[in-house]
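Novice: Let me give you the structure first, and then I'll get to my questions.
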Amino acid sequence: MWKPEPSDVDLRYLVEQDQLTEDGLLQAYRTMCTIRAFEEAIAERYAVGKTPRFDMASGPIRGEMHLAVGQEAVAVGVCPLLEAKDAVVSTHRPHHHALAKGVDPGRLAAEIFGRQTGLCQGKGGHMHLFDRELNFACSGIVGASFPQAAGAAFAFRHRGEPRVAVAFAGEGAANHGTFAETLNAAVLWQLPLVIVIEDNLYADSTPKWAGLAQPHQFQRALGYNLPAYLVDGMDVMDVRRAARRAIEQARQGRGPSVIEAVCYRYRGHFEGDAEEYRTREELERWRALDPISRLGGRLRRLGWADGDRLARIEAEARDVVAAAVAFAERSPLPDPGEALTGVFG
Amino acid sequence: MWKPEPSDVDLRYLVEQDQLTEDGLLQAYRTMCTIRAFEEAIAERYAVGKTPRFDMASGPIRGEMHLAVGQEAVAVGVCPLLEAKDAVVSTHRPHHHALAKGVDPGRLAAEIFGRQTGLCQGKGGHMHLFDRELNFACSGIVGASFPQAAGAAFAFRHRGEPRVAVAFAGEGAANHGTFAETLNAAVLWQLPLVIVIEDNLYADSTPKWAGLAQPHQFQRALGYNLPAYLVDGMDVMDVRRAARRAIEQARQGRGPSVIEAVCYRYRGHFEGDAEEYRTREELERWRALDPISRLGGRLRRLGWADGDRLARIEAEARDVVAAAVAFAERSPLPDPGEALTGVFG
Amino acid sequence: MRKLRGIAAAIAEAVDQEMAADPAVVVLGEDVTYWGAVFGFSMGLMQRYGRERVVDTPITEQTFMGMAVGAAAAGLRPVVSLMFVDFLGAGFDQMFNHMAKNHYMSGGQVAMPVTVLTAVGGGYGDAAQHSQVLYGLFAHLPGFKVVVPATAYDAKGLTTSALRDPNPVLVFGHKLLTGLPFLPFEGLEEEEVPESPYTVELGRAAVRREGRDLTLIAAGLMVHRCLRAADRLAGEGISAEVVDVRTLVPLDVETLVASARRTGRVLIVDEDYQSYGMSGELAFRIQAGAFGALQAPIRRLAVPDVPIPFSEPLERAVIPSVDRICEEARALLGAAAAASSP
Amino acid sequence: MRKLRGIAAAIAEAVDQEMAADPAVVVLGEDVTYWGAVFGFSMGLMQRYGRERVVDTPITEQTFMGMAVGAAAAGLRPVVSLMFVDFLGAGFDQMFNHMAKNHYMSGGQVAMPVTVLTAVGGGYGDAAQHSQVLYGLFAHLPGFKVVVPATAYDAKGLTTSALRDPNPVLVFGHKLLTGLPFLPFEGLEEEEVPESPYTVELGRAAVRREGRDLTLIAAGLMVHRCLRAADRLAGEGISAEVVDVRTLVPLDVETLVASARRTGRVLIVDEDYQSYGMSGELAFRIQAGAFGALQAPIRRLAVPDVPIPFSEPLERAVIPSVDRICEEARALLGAAAAASSP
Ligand SMILES: Cc1ncc(C[n+]2csc(CCOP(=O)(O)OP(=O)(O)O)c2C)c(N)n1
Ligand SMILES: Cc1ncc(C[n+]2csc(CCOP(=O)(O)OP(=O)(O)O)c2C)c(N)n1
Ligand SMILES: [Mg+2]
Ligand SMILES: [Mg+2]
């Protein structure tokens, strides 16, 4: 909305500058499509059993459900630059980060469905996804991701390992004191930390103007003497440009950064949200900036894909998701006795 | 240390610009002397019963004791500009703020001695001083003053009253998330709030470099779009200049400010502190900037006082304090049965 | 008289009426405007009183709780929403070290008329960080009054008492009693609730059903599960008394003890974690007051000291159900008066 | 064998030895370097391991607790100082919603080997925000192990167990047991404590003194006050058994019940707030396990649900003393087996 779409000449220049390849951009397209398909599939299954009355407790998926349709570019601009050994700590809205970090869609879906085969054997649920192999974690408590990612970064630095930790958080979460505390800690100890603020303009029903004294969080980060990038969160290339610098800087032991990515969630805060707090027109304006079709357009302009190829990728993504959901749905529920195990290790 | 002492010409210019009067400056001198005498008297009485072994639990004053000798200019640069109706929320080091706000030295001392005649009838103690008439409160929990002062400011603004709230806090406390959260709230709602950070270079045994990623907290405040002043906390005139602007701005409904006053505590963090974490030389360097003798020198240069007059004021201050301590010491201890009353009102 | 379904509308009405009566009442918290604090406790108030008195706060629990402390000391009567009780950890210091203590520490000078409205409980799949009850934590800390309404009538009357109280009062509203359309509802379907303001005194338990063979003691949602269990047990010839604690602080020990003395057998049902919480406290009070009259050890059924798991069969396994209450009740009646394991 | 006085040196030695053995152990917290975390639990460690492994943090409890969570998940074994337990409110969310739950919520994937060292208790004039005990809060929340050492021997052995445990363990060290020169000392004057590392198993109470007429149950400082009371009572011909709980979680119910069965009379002495805490929980367990054997209602002596007041006579009135323990013990023996008020 606020960044001009690059001309053909500039697009080629950016691609070169950022060392973007055909494979890389197609892979980004694919991952964004997978996330979109995943979130939409979850939305559809979540709705099962919830009509005529929307009852959070019925149907195959219970409880709150926070989806990230529209925010794909933020996850995909950041996570594919990470390795498995790098840590990501996410939020109550974690699926896109998980998928972009490489979490298996089947085990992710199974957790969301509360199945034994889920990432956490059904104990965690959609806001509490953990994948130890991929160093992925999240939390349903707003503001909790900052210090936990800083702790992982502390461990990496402490052992002299070239690993990076990323904290994702919403623009609402960044009002929480843990953001400021973590900035101080990260700069003080020069932690290999990247904080990514997903600024989707709303925290629940609360528009940014009602919760934030300023237009953007990144301005606050500047007060802590660290690089802070404000990027177009609907443009995966723009997110990636900042993320590459920030992650390299962290990996090389040159300290933390903040990235604020302005984006928009197309769906409600959670499923079932009546969205009284925003207008249909606003949503349509943001949809016009859709990160997937925007990248698709660029792939075409670069001559790296035509409509068929993009449609094929989308179809493949839907297949992957369908298989994941099918896996989840045919997986068994955990045995009730499991509830009493595992408090202590 | 880092601000030049004004020449005679500049001194007169500053006095005029800041509308300082002979009476006003002498009163500031007096209050600083009272605070100094008070803190030194408490130190002396606190030491009673604590030799040969320093045992926090013995003697007429028990528990921790945080004194503010050296920091008088911060309290006296701010509080005399306030009225009784204005609120002050202070910290674990609250005596100088209380006295500068006008709290009765006798009832203050009596509380510190745990007497029935104390501000809180002996229930509060030195870190929990409350004077409802003067809208004075404090807390032993670091970082707790910010939101409470913001709450008072919220109430004032809500009722349209031209009242101001002041939060005092240490530079260590300003690392706490409540500082950032309160800045956001204060700017968001344009609260009549002044945050005064008493930057005495140490938080307990922890030097600023080990806790703060940057030299000063005020830089962070700038990131929140509000005026932030860095002042010489050993110079009551410098503190007062910023405080006057900040308080006026708040009272006129033009929003909050931050003042960071760099100062030094001459005594340990608490009484009994062995001070392994700093050098004697450093202390001596700061003592050379003593706020009381510095103001005394200026009063002389202005021709508003000679050595005799200053000595008389000091003696009077000591008398006031002696009377306060005597009042405390002859006051009865509360009845044990009182312990069980007053949980609920 | 008009009928209400659920505690959410009842709580919101109490707040509304107190706001109408006293301009010092303001509402603070996350999403208290459009969303009525998510669980409806401030529904409709923004429309009526505007954003100046119904204030959406940033997501900063420590700060808005601290602001409530400061504002209350300065003469307002804040009603603060802690959206889910699970979020207490982000603002606990201002709650337990200041809100709860400033009146005492100030020697009675500083009043602290703050009401905290918070949503509690599980049973709808919201997992370990959004399903807790945790009233035991607050009840342990001096300076809080702890209110757990089970009916719409009580919810309104107790909330009105809370707002008029000069002390911090926490109202724990169970999500499955709110009556909101997006959640299961286990409360009373049709309840007569006076439209005009009224109070229900804090510190009085209610005997919801009289019985002879044993006493079931509970709060909030569990009162209703106990009533259903009592119905079922009645079909088996077992007469269960059901006592609704209503307020954990102040606690109506007399009513609990009197019931225990009458029936001689007590089962405490609690949706909070089992250990070091409500069930232990009530057991202490009852054994102290009804020692000779007890025919069997007091039993309890609570969340067995595990986080609330997400998956439905797991969640069902840990939150006390009507089935489990019946089982425990039968076991209590079957048990000899001799020792049994806890 | 070398003698130690107080728990501070013992705890610091345990941490020292585990740091020597495992480079993954790091110490985080306020003033953990020069000041040894104020109450000595990290004394000497900076000198030995440097500031890279003994890290003074900014005053940001939520953040350094959260960092411990993240660092533990990434393979460190953080020892975190919560300087006074009273400050928990500034970091509670990371503690109870993450540190305590991530292992469970992750289906057992994420280990959480964090040890929290914290100082508790009053009796030296530090008032309402620096004198609390609060182990009851943590014991109520699933996922924490709760350790309350009363002796230097236990302090070292339990702390070593804590550091080797893959779970979050909280060690509550009473200030009046530290043996630091600036505080009163009520522990054992001369204790034999092995220099080489050893563990004391979590979950085992200790019978500190055998007796026939009644059982005194306590933790931490109160164990010593109970022992002194038992001495005095012995002079009156009353034979009191003293049981040291040692760990609230896991709780050694068997030892408590066995003692209650032997003596038939139980007095629980607790420096935490009275209601909804340790005393209730222990009473529940004991009445459940020793029902028929109890000759009188279980009694308790605890802080009577008030904040700790500053002034000495007030403070003395609320923290259980040897005098008051003796009085309660006598009352317990005098009491008929019939009902008595709590
Ligand atoms: C400490 C805490 N307070 C409140 C909540 C309730 N809550 C869940 S999501 C949310 C809004 C978060 O907004 P933002 O950080 O912008 O993330 P977004 O939902 O927009 O992705 C709130 C208030 C919570 N989970 N934790
Ligand atoms: C939440 C909390 N954490 C830790 C402490 C212990 N503590 C008391 S004073 C202090 C240092 C405060 O430093 P600063 O804010 O700079 O104030 P100063 O003592 O220098 O005036 C600390 C860590 C506390 N009281 N509260
Ligand atoms: Mg948002
Ligand atoms: Mg300081």
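A note on labels: chains of the structure tokens are A, B, ... as shown, every chain counts residues from 1, and ligands are counted from 1 in their shown order.
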Would you give me, as a list in words, the residues of chain A that come within 6 Å of chain C, using only C-alpha atoms?
Specialist: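 Applying the cut-off to the listed atoms yields Phe54, Asp55, Met56, Ala57, Arg62, Gly63, Gly114, Gly122, Lys123, Gly124, Gly125, His176, Gly211, Pro336 and Ala339 of chain A.
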Novice: Go ahead and save the picked residues with all heavy atoms, as a tab-separated table (two decimals), in the first residue's frame.
Specialist:
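The resulting file, selection.tsv, is reproduced below:
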```
chain	number	residue	atom	x	y	z
A	54	PHE	N	-22.54	-21.28	16.20
A	54	PHE	CA	-21.09	-21.34	16.32
A	54	PHE	C	-20.76	-21.63	17.78
A	54	PHE	O	-20.86	-20.76	18.64
A	54	PHE	CB	-20.46	-20.02	15.89
A	54	PHE	CG	-18.97	-20.02	16.10
A	54	PHE	CD1	-18.12	-20.61	15.16
A	54	PHE	CD2	-18.41	-19.47	17.25
A	54	PHE	CE1	-16.74	-20.63	15.37
A	54	PHE	CE2	-17.04	-19.49	17.46
A	54	PHE	CZ	-16.21	-20.08	16.53
A	55	ASP	N	-20.38	-22.85	18.06
A	55	ASP	CA	-20.00	-23.24	19.43
A	55	ASP	C	-18.56	-23.72	19.38
A	55	ASP	O	-18.24	-24.73	18.76
A	55	ASP	CB	-20.93	-24.36	19.91
A	55	ASP	CG	-20.49	-24.92	21.25
A	55	ASP	OD1	-19.41	-24.54	21.75
A	55	ASP	OD2	-21.24	-25.74	21.81
A	56	MET	N	-17.72	-22.95	20.02
A	56	MET	CA	-16.29	-23.20	20.02
A	56	MET	C	-15.93	-24.62	20.45
A	56	MET	O	-14.85	-25.12	20.13
A	56	MET	CB	-15.65	-22.22	20.99
A	56	MET	CG	-14.27	-21.81	20.65
A	56	MET	SD	-13.75	-20.49	21.74
A	56	MET	CE	-13.83	-19.08	20.64
A	57	ALA	N	-16.82	-25.24	21.20
A	57	ALA	CA	-16.48	-26.54	21.77
A	57	ALA	C	-16.89	-27.70	20.90
A	57	ALA	O	-16.60	-28.85	21.22
A	57	ALA	CB	-17.11	-26.68	23.15
A	62	ARG	N	-11.55	-27.99	18.38
A	62	ARG	CA	-12.18	-27.22	19.45
A	62	ARG	C	-11.29	-26.07	19.92
A	62	ARG	O	-10.11	-26.02	19.63
A	62	ARG	CB	-12.50	-28.13	20.63
A	62	ARG	CG	-13.40	-29.29	20.24
A	62	ARG	CD	-13.38	-30.42	21.26
A	62	ARG	NE	-14.04	-30.05	22.50
A	62	ARG	CZ	-13.44	-29.98	23.67
A	62	ARG	NH1	-12.14	-30.22	23.77
A	62	ARG	NH2	-14.12	-29.67	24.75
A	63	GLY	N	-11.89	-25.15	20.65
A	63	GLY	CA	-11.14	-24.04	21.24
A	63	GLY	C	-10.99	-22.88	20.28
A	63	GLY	O	-11.62	-22.82	19.23
A	114	GLY	N	-5.91	-32.41	17.75
A	114	GLY	CA	-5.83	-33.07	19.06
A	114	GLY	C	-5.54	-34.56	18.97
A	114	GLY	O	-6.00	-35.33	19.82
A	122	GLY	N	-1.19	-34.18	21.08
A	122	GLY	CA	-2.52	-33.66	21.43
A	122	GLY	C	-2.57	-32.87	22.72
A	122	GLY	O	-3.60	-32.33	23.08
A	123	LYS	N	-1.47	-32.79	23.41
A	123	LYS	CA	-1.50	-32.08	24.69
A	123	LYS	C	-1.39	-30.57	24.52
A	123	LYS	O	-1.83	-29.81	25.37
A	123	LYS	CB	-0.36	-32.56	25.58
A	123	LYS	CG	-0.68	-33.88	26.24
A	123	LYS	CD	0.44	-34.30	27.17
A	123	LYS	CE	0.06	-35.60	27.86
A	123	LYS	NZ	1.24	-36.33	28.33
A	124	GLY	N	-0.75	-30.15	23.44
A	124	GLY	CA	-0.50	-28.71	23.28
A	124	GLY	C	-1.67	-27.98	22.67
A	124	GLY	O	-2.24	-27.09	23.28
A	125	GLY	N	-2.02	-28.37	21.45
A	125	GLY	CA	-3.08	-27.65	20.75
A	125	GLY	C	-2.51	-26.51	19.93
A	125	GLY	O	-1.31	-26.22	19.97
A	176	HIS	N	3.81	-4.82	25.13
A	176	HIS	CA	4.06	-5.49	26.40
A	176	HIS	C	5.49	-5.20	26.86
A	176	HIS	O	6.41	-5.13	26.04
A	176	HIS	CB	3.85	-6.99	26.21
A	176	HIS	CG	3.61	-7.70	27.49
A	176	HIS	ND1	4.60	-7.99	28.37
A	176	HIS	CD2	2.48	-8.17	28.03
A	176	HIS	CE1	4.10	-8.62	29.42
A	176	HIS	NE2	2.81	-8.74	29.24
A	211	GLY	N	-4.24	1.41	20.85
A	211	GLY	CA	-3.31	0.72	21.73
A	211	GLY	C	-1.88	1.22	21.65
A	211	GLY	O	-1.09	1.05	22.58
A	336	PRO	N	-7.12	-41.41	27.14
A	336	PRO	CA	-7.36	-40.49	28.26
A	336	PRO	C	-6.30	-40.60	29.35
A	336	PRO	O	-5.95	-39.59	29.99
A	336	PRO	CB	-8.73	-40.90	28.80
A	336	PRO	CG	-9.40	-41.57	27.65
A	336	PRO	CD	-8.33	-42.18	26.80
A	339	ALA	N	-3.38	-38.16	29.84
A	339	ALA	CA	-3.53	-36.83	30.44
A	339	ALA	C	-2.70	-36.70	31.70
A	339	ALA	O	-2.22	-35.61	32.03
A	339	ALA	CB	-4.99	-36.55	30.75
```
Novice: Residues within 6 Å of ligand 3 (only C-alpha atoms and all ligand atoms), as a JSON list (two decimals) with N, CA and C atoms, in the first residue's frame?
Specialist:
```
[["chain", "number", "residue", "atom", "x", "y", "z"],
["A", 170, "GLY", "N", 3.06, -9.96, 17.60],
["A", 170, "GLY", "CA", 2.19, -8.99, 16.97],
["A", 170, "GLY", "C", 2.54, -7.57, 17.39],
["A", 171, "GLU", "N", 1.98, -6.60, 16.69],
["A", 171, "GLU", "CA", 2.22, -5.20, 17.06],
["A", 171, "GLU", "C", 1.59, -4.90, 18.41],
["A", 172, "GLY", "N", 0.54, -5.65, 18.74],
["A", 172, "GLY", "CA", -0.06, -5.48, 20.07],
["A", 172, "GLY", "C", 0.86, -6.04, 21.14],
["A", 199, "ASP", "N", 2.93, -6.62, 12.18],
["A", 199, "ASP", "CA", 2.04, -5.50, 12.47],
["A", 199, "ASP", "C", 0.83, -5.58, 11.55],
["A", 200, "ASN", "N", -0.20, -6.25, 12.05],
["A", 200, "ASN", "CA", -1.41, -6.43, 11.23],
["A", 200, "ASN", "C", -2.51, -5.45, 11.61],
["A", 201, "LEU", "N", -2.15, -4.39, 12.28],
["A", 201, "LEU", "CA", -3.01, -3.24, 12.57],
["A", 201, "LEU", "C", -4.03, -3.46, 13.68],
["A", 202, "TYR", "N", -4.22, -4.68, 14.10],
["A", 202, "TYR", "CA", -5.21, -4.94, 15.15],
["A", 202, "TYR", "C", -4.64, -5.91, 16.19],
["A", 203, "ALA", "N", -5.02, -5.68, 17.41],
["A", 203, "ALA", "CA", -4.78, -6.64, 18.49],
["A", 203, "ALA", "C", -6.16, -7.03, 18.98]]
```
Novice: Using only C-alpha atoms and all ligand atoms, find each residue of chain C with at least one atom at most 12 Å away from an atom of ligand 2; report its shortest atom-to-atom pair and that distance in Å (one decimal), sort the rows by chain and rising residue number, and return the result as a tab-separated table.
Specialist:
```
residue	atom	partner	partner_atom_place_in_ligand_line	distance
C:Gln62	CA	ligand 2	1 (C)	11.6
C:Gly91	CA	ligand 2	1 (C)	11.8
C:Phe92	CA	ligand 2	1 (C)	11.1
C:Asp93	CA	ligand 2	1 (C)	8.0
C:Gln94	CA	ligand 2	1 (C)	10.3
C:Asn97	CA	ligand 2	1 (C)	10.4
```
Novice: From a DSSP pass on the backbone, collect the residues of range 40-259 of chain C flagged as alpha helix (DSSP H) and hand them back as a PyMOL selection string.
Specialist: chain C and resi 45-53+61-73+92+102-105+135-140+152-164+221-235+253-259
Novice: Using only C-alpha atoms, determine which residues of chain D fall within 6 Å of chain C; present them as a VMD selection string.
Specialist: chain D and resid 89 to 90 92 to 93 137 140 142 275 to 278 280 to 281 283 to 284 288 to 292 297 305 to 306 338 to 342
Novice: Those same residues, written as a PDB file, in the first residue's frame with N, CA and C atoms?
Specialist:
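Resulting contents of selection_37.pdb:
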```pdb
ATOM      1  N   GLY D  89       5.859 -11.682  41.261  1.00  0.00           N
ATOM      2  CA  GLY D  89       4.793 -11.070  40.460  1.00  0.00           C
ATOM      3  C   GLY D  89       5.307 -10.361  39.231  1.00  0.00           C
ATOM      4  N   ALA D  90       6.595 -10.018  39.237  1.00  0.00           N
ATOM      5  CA  ALA D  90       7.169  -9.355  38.069  1.00  0.00           C
ATOM      6  C   ALA D  90       7.597 -10.354  37.000  1.00  0.00           C
ATOM      7  N   PHE D  92       5.963 -13.808  36.890  1.00  0.00           N
ATOM      8  CA  PHE D  92       5.196 -15.016  37.175  1.00  0.00           C
ATOM      9  C   PHE D  92       4.710 -15.722  35.916  1.00  0.00           C
ATOM     10  N   ASP D  93       4.358 -14.962  34.910  1.00  0.00           N
ATOM     11  CA  ASP D  93       3.838 -15.617  33.713  1.00  0.00           C
ATOM     12  C   ASP D  93       4.840 -16.592  33.123  1.00  0.00           C
ATOM     13  N   LEU D 137       1.841 -20.853  46.697  1.00  0.00           N
ATOM     14  CA  LEU D 137       1.431 -20.481  45.334  1.00  0.00           C
ATOM     15  C   LEU D 137       2.038 -21.421  44.307  1.00  0.00           C
ATOM     16  N   HIS D 140       0.840 -24.989  44.295  1.00  0.00           N
ATOM     17  CA  HIS D 140      -0.502 -25.151  43.728  1.00  0.00           C
ATOM     18  C   HIS D 140      -0.462 -25.373  42.221  1.00  0.00           C
ATOM     19  N   PRO D 142       0.798 -26.955  38.753  1.00  0.00           N
ATOM     20  CA  PRO D 142       1.472 -28.155  38.290  1.00  0.00           C
ATOM     21  C   PRO D 142       2.719 -27.838  37.474  1.00  0.00           C
ATOM     22  N   SER D 275      -4.599 -19.326  54.815  1.00  0.00           N
ATOM     23  CA  SER D 275      -5.685 -19.940  54.045  1.00  0.00           C
ATOM     24  C   SER D 275      -5.251 -20.326  52.639  1.00  0.00           C
ATOM     25  N   TYR D 276      -5.812 -21.407  52.146  1.00  0.00           N
ATOM     26  CA  TYR D 276      -5.590 -21.863  50.769  1.00  0.00           C
ATOM     27  C   TYR D 276      -4.112 -22.096  50.491  1.00  0.00           C
ATOM     28  N   GLY D 277      -3.441 -22.715  51.436  1.00  0.00           N
ATOM     29  CA  GLY D 277      -2.019 -22.926  51.262  1.00  0.00           C
ATOM     30  C   GLY D 277      -1.579 -24.276  51.772  1.00  0.00           C
ATOM     31  N   MET D 278      -0.378 -24.302  52.343  1.00  0.00           N
ATOM     32  CA  MET D 278       0.215 -25.559  52.779  1.00  0.00           C
ATOM     33  C   MET D 278      -0.586 -26.230  53.884  1.00  0.00           C
ATOM     34  N   GLY D 280      -3.705 -26.231  54.724  1.00  0.00           N
ATOM     35  CA  GLY D 280      -4.914 -26.908  54.264  1.00  0.00           C
ATOM     36  C   GLY D 280      -4.581 -28.200  53.535  1.00  0.00           C
ATOM     37  N   GLU D 281      -3.609 -28.121  52.652  1.00  0.00           N
ATOM     38  CA  GLU D 281      -3.255 -29.297  51.859  1.00  0.00           C
ATOM     39  C   GLU D 281      -2.791 -30.450  52.751  1.00  0.00           C
ATOM     40  N   ALA D 283      -3.412 -30.901  55.832  1.00  0.00           N
ATOM     41  CA  ALA D 283      -4.545 -31.389  56.625  1.00  0.00           C
ATOM     42  C   ALA D 283      -5.400 -32.343  55.806  1.00  0.00           C
ATOM     43  N   PHE D 284      -5.641 -31.953  54.543  1.00  0.00           N
ATOM     44  CA  PHE D 284      -6.441 -32.871  53.717  1.00  0.00           C
ATOM     45  C   PHE D 284      -5.797 -34.245  53.638  1.00  0.00           C
ATOM     46  N   ALA D 288      -7.278 -37.683  55.264  1.00  0.00           N
ATOM     47  CA  ALA D 288      -7.626 -38.760  54.331  1.00  0.00           C
ATOM     48  C   ALA D 288      -6.913 -40.056  54.705  1.00  0.00           C
ATOM     49  N   GLY D 289      -5.666 -39.926  55.155  1.00  0.00           N
ATOM     50  CA  GLY D 289      -4.868 -41.116  55.397  1.00  0.00           C
ATOM     51  C   GLY D 289      -4.910 -41.634  56.818  1.00  0.00           C
ATOM     52  N   ALA D 290      -5.282 -40.781  57.746  1.00  0.00           N
ATOM     53  CA  ALA D 290      -5.201 -41.198  59.152  1.00  0.00           C
ATOM     54  C   ALA D 290      -6.508 -40.953  59.875  1.00  0.00           C
ATOM     55  N   PHE D 291      -7.594 -40.989  59.100  1.00  0.00           N
ATOM     56  CA  PHE D 291      -8.884 -40.562  59.633  1.00  0.00           C
ATOM     57  C   PHE D 291      -9.217 -41.171  60.990  1.00  0.00           C
ATOM     58  N   GLY D 292      -9.246 -42.485  61.027  1.00  0.00           N
ATOM     59  CA  GLY D 292      -9.680 -43.143  62.261  1.00  0.00           C
ATOM     60  C   GLY D 292      -8.707 -42.938  63.405  1.00  0.00           C
ATOM     61  N   PRO D 297      -9.262 -32.736  66.080  1.00  0.00           N
ATOM     62  CA  PRO D 297      -9.115 -32.070  64.781  1.00  0.00           C
ATOM     63  C   PRO D 297      -7.675 -31.610  64.600  1.00  0.00           C
ATOM     64  N   ASP D 305      -3.455 -14.532  57.523  1.00  0.00           N
ATOM     65  CA  ASP D 305      -4.071 -13.851  56.382  1.00  0.00           C
ATOM     66  C   ASP D 305      -4.019 -12.335  56.488  1.00  0.00           C
ATOM     67  N   VAL D 306      -2.865 -11.857  56.878  1.00  0.00           N
ATOM     68  CA  VAL D 306      -2.598 -10.409  56.818  1.00  0.00           C
ATOM     69  C   VAL D 306      -1.231 -10.233  56.155  1.00  0.00           C
ATOM     70  N   ALA D 338     -13.756 -33.935  70.159  1.00  0.00           N
ATOM     71  CA  ALA D 338     -14.936 -33.365  69.505  1.00  0.00           C
ATOM     72  C   ALA D 338     -14.549 -32.134  68.698  1.00  0.00           C
ATOM     73  N   ALA D 339     -15.538 -31.566  68.060  1.00  0.00           N
ATOM     74  CA  ALA D 339     -15.282 -30.410  67.186  1.00  0.00           C
ATOM     75  C   ALA D 339     -14.695 -29.254  67.966  1.00  0.00           C
ATOM     76  N   SER D 340     -13.822 -28.528  67.323  1.00  0.00           N
ATOM     77  CA  SER D 340     -13.308 -27.275  67.877  1.00  0.00           C
ATOM     78  C   SER D 340     -13.268 -26.292  66.722  1.00  0.00           C
ATOM     79  N   SER D 341     -13.239 -25.020  67.045  1.00  0.00           N
ATOM     80  CA  SER D 341     -13.226 -24.043  65.930  1.00  0.00           C
ATOM     81  C   SER D 341     -11.818 -23.938  65.361  1.00  0.00           C
ATOM     82  N   PRO D 342     -11.694 -23.556  64.102  1.00  0.00           N
ATOM     83  CA  PRO D 342     -10.416 -23.615  63.379  1.00  0.00           C
ATOM     84  C   PRO D 342      -9.345 -22.667  63.924  1.00  0.00           C
TER      85      PRO D 342
END
```
Novice: Using only C-alpha atoms and a cut-off of 10 Å, which residues of chain A sit close to chain B? Please list them as number ranges by chain.
Specialist: A: 174-190, 209-214, 216-225
Novice: Near range 162-166 of chain A, within 8 Å and counting only C-alpha atoms, which residues show up once chain neighbours fewer than 4 positions away are dropped, as a PyMOL selection string?
Specialist: chain A and resi 82+85-89+149-150+152-153+156-157+192-196+247+250-253
Novice: Which is closer to Gly29 in chain D than all the others in D:Arg48, D:His174, D:Arg5, D:Arg53, using only C-alpha atoms?
Specialist: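 Checking each of D:Arg48, D:His174, D:Arg5, D:Arg53 against Gly29 in chain D, counting only C-alpha atoms, the winner is D:Arg53.
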Novice: Give me, please, the distance in Å between CA of Thr118 in chain C and CA of Pro197 in chain C, quoted to one decimal.
Specialist: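 CA of Pro197 in chain C lies 21.2 Å from CA of Thr118 in chain C.
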